[in-house]
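K.L.:
Handing you a structure now.
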Amino acid sequence: MNIILWLLASMIICNGLPAIGLSTNVTGRPKVVNIGAIFSIKSVIGKAAKVAIDAAIDDVNSHPDILQGTQLQLQLKDSNYSGFMAVVEALLFMEKDTVAIIGPQSSVTAHVISHIANVLQVPLLSFSSTDPTLSPIQFPFFVRTSQNDLYQMAAIAEIIDHYEWREVIAIYEDDDHGRNGIATLGDKLAERRCRITYKARMSPEPTRDEITDVLVKVALRESRILVVHVPGSWGLKVFSVAQYLGMLGSGYVWIATNWLSTVLDTNSPLPQDAMDNIQGVVTLRMYTPDSQLKRRFVSRWSNLTKEKPVGLNAYSLYAYDTVWLLARAINEFFNQGGNISFLNDSLSSELSGGNLHLEALSVFQGGNLLLDNILNVNMKGVTGDFRFTNDRNLINPAFELINVIGTGYRRIGYWSNHSGLSIAPPETLWGKPPNGSSASQTLHGVVWPGQTTQKPRGWVFPNSGRHLKIGVPHRVSYREFVAVRGPDAITGYCIDVFTAALNLLPYAVPYKLIPFGDGRTNPSGTELVRLITAGVFDAAIGDIAIITNRTKMADFTQPYIESGLVVVAPVWRKNSNAFAFLRPFTRRMWAVTAIFFLLVGTVVWILEHRMNDEFRGPPRRQVVTLLWFSFSTWFFAHRENTVSVLGRIVLIIWLFVVLIINSSYTASLTSILTVQQLTSPIKGIQTLAASKDPIGYQQGSFARNYLIDELKVDPSRLIALNSPEESAKALKDGPHKGGVAAMVDDRAYIELFLSTRCEFSIVGQEFTKNGWGFAFPRDSPLAVDMSTAILKLSENGDLQRIHDKWLLRRACSYQGAKMEVDRLQLKSFWGLFSICGVACLIALFLYFLKMMRQFSRHYSEESESQSSRSARLQTFLSFVDEKEEEVKSRSKRRQMERVSNRTDDGSNSTSYSIRGNIGEFSSNKNIGTPAGSSEV
């Protein structure tokens, strides 16, 4: 049909030739401007809109300043709920030189007529076509003069998010308006991490039986948040059937789009049975601010509807303003020199003739100019400030939120695109900065269906009356966690946690525990979770670890017990022996420590040798002194005094290092000799994975896949163990007798296993972190509620009490023992050794600088006379070995001899002077450097 209309309109443009004008008045304007209107006069919207449009036409024509003598002549066509008739009537308008059309009422019809308007360049002004897909890009001549459903769906999404619901069911008419509106709602919900779980479609004008069939399917769904987006002509039928099916009781939430508020306003008061069917329903109404213009129009309404009483609804107000908008645009059109003229078309002979008179259609020459003036109008109407945004939506979109109660309704708040949900009128917030925080989003209390003020949970278990089928692993080992003792007798730690959490929920959960497994081997937790996705189980509880591949199949609750994989291996007591005193240090640590004792002793000997008699003597005595001094510092028992500054500095630093080493050695040795030590050849998961020995794991555990996939352990090394007894035997036998070197399992199992088996112990660190939780289908609300309940159990101490009831065991005698203490490594002391070594190097460097300076001062002449390098080196070594006092004394004698020789050859005065100087020099030297002192 759209293709045919497009072809017709295209031919109109191609064949149109002469222009036809209208008669004008004295001002040069036409006396009459034809405008059209298309809507269903008998509909809920139409019967009130007709009154408003007629009143607006009268008001405009009676106002001398609006059109300055030009009269609006309205051609009203009743589409009578028929889209086809609306299209035909739109074509008929074009025969009468119509400059604009108010309508159509239906969004479905608007999609079709907008194609014609685009070609004939006639603006369409619709006050009731709210479909958000009526895009100005596709339909430039379509102008929406009421609020876009885009904002209504945003308001509904914000209501759902405000009450912390996450899933809704949409009930809608399966046409363009219904589908596009619900698609927009889905987008807005997705922005808030909510979603539509089921779309209940109804055909236009459905029968009661069809509505019943749809609502029965809705009742079987999990969600109880229902959004109804249907026409007002039959929307009340939906609630009538829902009342009959018991779907308006406690627990349900019904949110109707603004069709319901329109019905309430137009047909008020509704019959009592109709009001009973919508008790507790929340609906929206397009918000129009209070103003003097609005109050005057409302007061006139009763006079306007005397003959046929009809209520005033929001669409009526927008219909009234639409006429005024068009009048002001036409006036500005004339002010800009616009001329109302049309191009007739001469259709081909094949399309001419017939009752439709297609040859009478014409194109409005001033359509673009009039459209621009419509979009640029800025006026105050009965709906408030009336102007368009850049995307051609009305400014300040806002809705009232209404709760149906008793024989009427009450306002619970507002929603606006600027401030979201609030209890303050939107116009009071437009001047303030937008505040989208959840704390600022407030509404008044709501009376929900069932006459309850408590917020409904929003969901129930599907297929009301059916018990949840909950899978429970039929364990063979560690029955303290889950024990299947009969068809209806399943006990254990996990079962008690589950029932305790259920008791904290504010609603009853009917369920039936179903064992999973053959009772001979431990079942796979991953397979149990997979059966939830297959629909075999509605949930799974028990010792189910939360791991990555399982979270891809189901939603898990908050973990109720922390766990992780550990390695357990045989251990034995490590008894002390004759050489236990050597165990605190590693071999490398002992070697480096001994080297530093000798190094520091040697450095101190070098620094003290020239000035300290205790470090002098025959070579044998000096070696003994060096060794004694070096190792006696370990006990701080050295008796040799240090007189040089550099020697004292080195010794102080070394004694500090010895103090730290000594303290560490003492502490480690004390621990070794007093605390019971356990030892095992397996040190952790790294050494276990690197070895070639067989590894045990519990049957059904995810540890097998972890070892293969993550640690790349050869599957042939893995041995399944089905019970604690079998595990203990395999560990005792060891790899050489057909057993295993170690076993990898969850810490929760291992702690229970070790409580009575002291010959085994956990070695190394826990190498994974996870927990156990209850599994539910994806997006199940019960998973969230159960997580909250588990947190409450943890906070009030019940979770610990359940743990102590089932899992607390008397500690074995080895509990106070620990694995072999790590020996003290060199890496723990390298900083101290580095500091000491650097101090020794610096001291030696300064000492040899001093030696070189003294040597050059006292032996310069002798060194110059010696030609060979070896001789000079031998002289230097002899100088270093000499005692410092002897070197100084010999130097003084040589100076005296040189002075005496000079005196014999010189004059007496000179001799006296020299002697005086020599005496002064000797005196100064004796005062400044006493015998036996040292230079730094």
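Labeling convention for the structure tokens: chains A, B, ... as they appear, residues from 1 per chain, ligands from 1 in order of appearance.
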Fewer than 3 positions away in the same chain doesn't count, so skip those; otherwise give me all residues within 6 Å of segment 532-545 of chain A, counting only C-alpha atoms, as a list in words.
P.N.:
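Returned residues: Leu468, Lys469, Ile470, Gly471, Val472, Cys494, Gly525, Val529, Gly771, Trp772, Phe774, Ala775 and Phe776 of chain A.
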K.L.:
Got a sec: who's within 7 Å of Asn148 of chain A, counting only C-alpha atoms, leaving out chain neighbours fewer than 3 positions off, as a short mmCIF file (atom, residue, chain, number, x, y, z; two decimals) with N, CA, C and O atoms, in the first residue's frame?
P.N.:
```
data_model
loop_
_atom_site.label_atom_id
_atom_site.label_comp_id
_atom_site.auth_asym_id
_atom_site.auth_seq_id
_atom_site.Cartn_x
_atom_site.Cartn_y
_atom_site.Cartn_z
N THR A 130 2.16 9.14 19.10
CA THR A 130 3.32 9.25 20.00
C THR A 130 4.42 8.24 19.70
O THR A 130 5.37 8.10 20.47
N ASP A 131 4.29 7.49 18.62
CA ASP A 131 5.28 6.47 18.27
C ASP A 131 6.66 7.11 18.13
O ASP A 131 6.85 8.03 17.33
N PRO A 132 7.65 6.64 18.90
CA PRO A 132 8.99 7.27 18.84
C PRO A 132 9.72 7.05 17.53
O PRO A 132 10.72 7.72 17.27
N TYR A 151 9.91 9.35 25.99
CA TYR A 151 10.02 9.83 27.36
C TYR A 151 9.11 9.04 28.30
O TYR A 151 9.45 8.82 29.47
N ASN A 393 11.07 17.53 19.26
CA ASN A 393 10.21 17.12 20.36
C ASN A 393 9.89 18.35 21.19
O ASN A 393 10.65 19.32 21.22
#
```
K.L.:
For Ser268 of chain A, please output as a PyMOL selection string all residues within 9 Å (counting only C-alpha atoms; exclusion window: fewer than 5 positions along the same chain).
P.N.:
chain A and resi 263+310-311+408
K.L.:
Hey, can you spit out that residue selection with N, CA and C atoms as a PDB file, in the first residue's frame?
P.N.:
```pdb
ATOM      1  N   VAL A 263      -8.406   7.369  29.703  1.00  0.00           N
ATOM      2  CA  VAL A 263      -9.727   6.780  29.907  1.00  0.00           C
ATOM      3  C   VAL A 263     -10.354   7.298  31.197  1.00  0.00           C
ATOM      4  N   VAL A 310     -18.253  15.063  28.354  1.00  0.00           N
ATOM      5  CA  VAL A 310     -17.024  14.280  28.154  1.00  0.00           C
ATOM      6  C   VAL A 310     -15.938  14.923  28.995  1.00  0.00           C
ATOM      7  N   GLY A 311     -15.091  14.090  29.564  1.00  0.00           N
ATOM      8  CA  GLY A 311     -14.038  14.600  30.434  1.00  0.00           C
ATOM      9  C   GLY A 311     -12.891  15.218  29.664  1.00  0.00           C
ATOM     10  N   GLY A 408     -11.326   6.675  42.759  1.00  0.00           N
ATOM     11  CA  GLY A 408     -10.571   7.680  42.015  1.00  0.00           C
ATOM     12  C   GLY A 408      -9.106   7.301  41.929  1.00  0.00           C
TER      13      GLY A 408
END
```
K.L.:
Please identify all polymer residues within 12 Å of segment 736-744 of chain A, counting only C-alpha atoms, omitting same-chain residues fewer than 4 positions from it, and present them as a VMD selection string.
P.N.:
chain A and resid 564 to 571 680 to 685 687 to 689 691 to 699 701 to 707 717 to 721 724 726 to 732 748 to 750 753 760 to 768
K.L.:
Counting only C-alpha atoms, figure out which residue out of A:Trp459, A:Trp301, A:Phe399, A:Trp590 gets nearest to Leu421 of chain A.
P.N.:
A:Phe399
K.L.:
Given the choices A:Phe139, A:Phe635, A:Trp324, A:Phe342, which gets closest to Leu72 of chain A if the distance is worked out from only C-alpha atoms?
P.N.:
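Among the listed residues, A:Trp324 lies closest to Leu72 of chain A.
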K.L.:
Calculated over only C-alpha atoms, which of the candidates A:Ala690, A:Ile547, A:Leu659, A:Val713 has the smallest distance to Gly773 of chain A?
P.N.:
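Answer, going by the shortest atom-to-atom distance: A:Ile547.
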K.L.:
List every residue of segment 209-376 of chain A that DSSP, applied to the backbone, labels as helix (DSSP H, G or I), and write the result as a VMD selection string.
P.N.:
chain A and resid 209 to 219 235 to 244 259 to 266 272 to 276 292 to 304 314 to 335 358 to 360 367 to 375
K.L.:
Among segment 44-164 of chain A, which residues does DSSP mark as strand (DSSP E or B) when it is run on the backbone? Keep the chain and numbering as in the structure and answer as a compact mmCIF listing (two decimals) with all heavy atoms, in the first residue's frame.
P.N.:
```txt
# COMPACT_ATOMS: atom_id res chain seq x y z
N GLN A 71 -9.77 33.72 8.20
CA GLN A 71 -10.49 32.73 9.00
C GLN A 71 -9.93 31.33 8.71
O GLN A 71 -9.61 31.00 7.56
CB GLN A 71 -11.97 32.75 8.66
CG GLN A 71 -12.66 34.08 8.97
CD GLN A 71 -12.81 34.31 10.47
OE1 GLN A 71 -13.38 33.48 11.17
NE2 GLN A 71 -12.30 35.44 10.94
N LEU A 72 -9.80 30.55 9.79
CA LEU A 72 -9.47 29.14 9.63
C LEU A 72 -10.74 28.35 9.35
O LEU A 72 -11.73 28.47 10.08
CB LEU A 72 -8.80 28.58 10.90
CG LEU A 72 -7.39 29.07 11.24
CD1 LEU A 72 -6.90 28.40 12.51
CD2 LEU A 72 -6.43 28.80 10.09
N GLN A 73 -10.69 27.59 8.30
CA GLN A 73 -11.83 26.74 7.95
C GLN A 73 -11.43 25.28 8.11
O GLN A 73 -10.56 24.78 7.40
CB GLN A 73 -12.29 27.02 6.51
CG GLN A 73 -13.52 26.22 6.11
CD GLN A 73 -14.08 26.67 4.77
OE1 GLN A 73 -14.27 27.88 4.56
NE2 GLN A 73 -14.31 25.72 3.88
N LEU A 74 -12.06 24.63 9.07
CA LEU A 74 -11.68 23.26 9.43
C LEU A 74 -12.52 22.26 8.67
O LEU A 74 -13.75 22.37 8.62
CB LEU A 74 -11.85 23.04 10.94
CG LEU A 74 -11.55 21.62 11.44
CD1 LEU A 74 -10.06 21.32 11.31
CD2 LEU A 74 -12.02 21.46 12.89
N GLN A 75 -11.86 21.30 8.05
CA GLN A 75 -12.52 20.16 7.41
C GLN A 75 -12.23 18.93 8.27
O GLN A 75 -11.10 18.44 8.30
CB GLN A 75 -12.00 19.95 5.99
CG GLN A 75 -12.17 21.14 5.08
CD GLN A 75 -13.64 21.35 4.71
OE1 GLN A 75 -14.41 20.38 4.63
NE2 GLN A 75 -14.02 22.60 4.49
N LEU A 76 -13.20 18.46 9.02
CA LEU A 76 -13.02 17.34 9.94
C LEU A 76 -13.47 16.05 9.29
O LEU A 76 -14.59 15.95 8.78
CB LEU A 76 -13.82 17.59 11.22
CG LEU A 76 -13.74 16.48 12.28
CD1 LEU A 76 -12.32 16.27 12.74
CD2 LEU A 76 -14.64 16.83 13.47
N LYS A 77 -12.61 15.04 9.33
CA LYS A 77 -12.93 13.72 8.77
C LYS A 77 -12.82 12.68 9.88
O LYS A 77 -11.85 12.67 10.64
CB LYS A 77 -11.97 13.35 7.63
CG LYS A 77 -12.00 14.32 6.45
CD LYS A 77 -13.32 14.25 5.72
CE LYS A 77 -13.30 15.15 4.49
NZ LYS A 77 -14.59 15.11 3.76
N ASP A 78 -13.83 11.84 9.95
CA ASP A 78 -13.86 10.77 10.95
C ASP A 78 -13.28 9.50 10.32
O ASP A 78 -13.87 8.93 9.40
CB ASP A 78 -15.29 10.54 11.43
CG ASP A 78 -15.37 9.50 12.54
OD1 ASP A 78 -14.30 9.04 13.01
OD2 ASP A 78 -16.49 9.16 12.95
N ALA A 100 -2.63 22.37 5.85
CA ALA A 100 -2.11 21.56 6.95
C ALA A 100 -3.21 20.63 7.42
O ALA A 100 -4.41 20.90 7.23
CB ALA A 100 -1.62 22.44 8.10
N ILE A 101 -2.80 19.53 8.05
CA ILE A 101 -3.74 18.53 8.56
C ILE A 101 -3.42 18.28 10.03
O ILE A 101 -2.26 18.03 10.38
CB ILE A 101 -3.67 17.21 7.77
CG1 ILE A 101 -4.02 17.45 6.30
CG2 ILE A 101 -4.58 16.17 8.38
CD1 ILE A 101 -3.85 16.22 5.43
N ILE A 102 -4.42 18.37 10.87
CA ILE A 102 -4.28 18.02 12.28
C ILE A 102 -4.62 16.54 12.41
O ILE A 102 -5.76 16.13 12.19
CB ILE A 102 -5.20 18.88 13.16
CG1 ILE A 102 -4.83 20.36 13.01
CG2 ILE A 102 -5.11 18.43 14.61
CD1 ILE A 102 -5.77 21.29 13.77
N LEU A 124 1.73 17.71 8.69
CA LEU A 124 0.84 16.93 9.55
C LEU A 124 1.17 17.28 10.99
O LEU A 124 2.32 17.12 11.42
CB LEU A 124 1.03 15.43 9.33
CG LEU A 124 0.61 14.82 8.00
CD1 LEU A 124 0.93 13.33 8.00
CD2 LEU A 124 -0.87 15.03 7.77
N LEU A 125 0.18 17.73 11.74
CA LEU A 125 0.37 18.07 13.14
C LEU A 125 -0.46 17.11 13.98
O LEU A 125 -1.69 17.24 14.05
CB LEU A 125 -0.03 19.52 13.44
CG LEU A 125 0.86 20.62 12.83
CD1 LEU A 125 0.47 20.88 11.37
CD2 LEU A 125 0.75 21.90 13.63
N SER A 126 0.19 16.11 14.57
CA SER A 126 -0.54 15.10 15.32
C SER A 126 -0.33 15.31 16.81
O SER A 126 0.81 15.36 17.29
CB SER A 126 -0.09 13.70 14.92
OG SER A 126 -0.76 12.73 15.68
N PHE A 142 6.02 15.59 9.17
CA PHE A 142 5.26 15.14 10.34
C PHE A 142 5.75 15.91 11.56
O PHE A 142 6.94 15.96 11.85
CB PHE A 142 5.42 13.64 10.56
CG PHE A 142 4.78 13.15 11.82
CD1 PHE A 142 3.42 12.88 11.85
CD2 PHE A 142 5.52 12.98 12.98
CE1 PHE A 142 2.82 12.43 13.03
CE2 PHE A 142 4.94 12.55 14.15
CZ PHE A 142 3.57 12.26 14.17
N VAL A 143 4.81 16.52 12.28
CA VAL A 143 5.14 17.30 13.47
C VAL A 143 4.31 16.75 14.64
O VAL A 143 3.07 16.78 14.59
CB VAL A 143 4.86 18.80 13.29
CG1 VAL A 143 5.22 19.57 14.55
CG2 VAL A 143 5.60 19.35 12.08
N ARG A 144 4.99 16.24 15.66
CA ARG A 144 4.31 15.73 16.85
C ARG A 144 4.10 16.87 17.82
O ARG A 144 5.05 17.50 18.27
CB ARG A 144 5.12 14.61 17.52
CG ARG A 144 4.43 13.98 18.71
CD ARG A 144 5.32 12.98 19.42
NE ARG A 144 5.53 11.79 18.63
CZ ARG A 144 6.66 11.49 18.01
NH1 ARG A 144 7.69 12.31 18.10
NH2 ARG A 144 6.79 10.37 17.31
```
K.L.:
Which polymer residues have any atom within 12 Å of an atom of Val447 of chain A, counting only C-alpha atoms, with same-chain residues fewer than 5 positions away left out, as a list in words?
P.N.:
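Residues near the query, excluding close chain neighbours: Gly249, Ser250, Gly251, Tyr252, Val253, Trp254, Ile278, Gln279, Gly280, Val281, Val282, Ile402, Asn403, Val404, Ile405, Gly406, Tyr409, Arg410, Arg411, Ile412, Thr452, Thr453, Gln454, Lys455 and Pro456 of chain A.
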K.L.:
Could you name the residues that touch segment 474-486 of chain A at 8 Å or less, counting only C-alpha atoms, but leaving out those on the same chain fewer than 5 positions away, as a list in words?
P.N.:
Thr491, Gly492, Tyr493, Cys494, Ile495, Pro515, Phe516, Gly517, Asp518, Gly519, Arg520, Thr521, Asn522, Pro523, Gly542, Asp543, Asn722, Ser723, Pro724, Tyr749, Leu752, Trp806 and Leu807 of chain A
K.L.:
Rounded to one decimal, what separation in Å do you get between atom CA of Phe364 of chain A and atom CA of Gln121 of chain A?
P.N.:
5.7 Å
K.L.:
Counting only C-alpha atoms, which residue out of A:Pro449, A:Gly734, A:Pro487, A:Gly837 sits closest to Ala242 of chain A?
P.N.:
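The answer is A:Pro449, which sits nearest to Ala242 of chain A.
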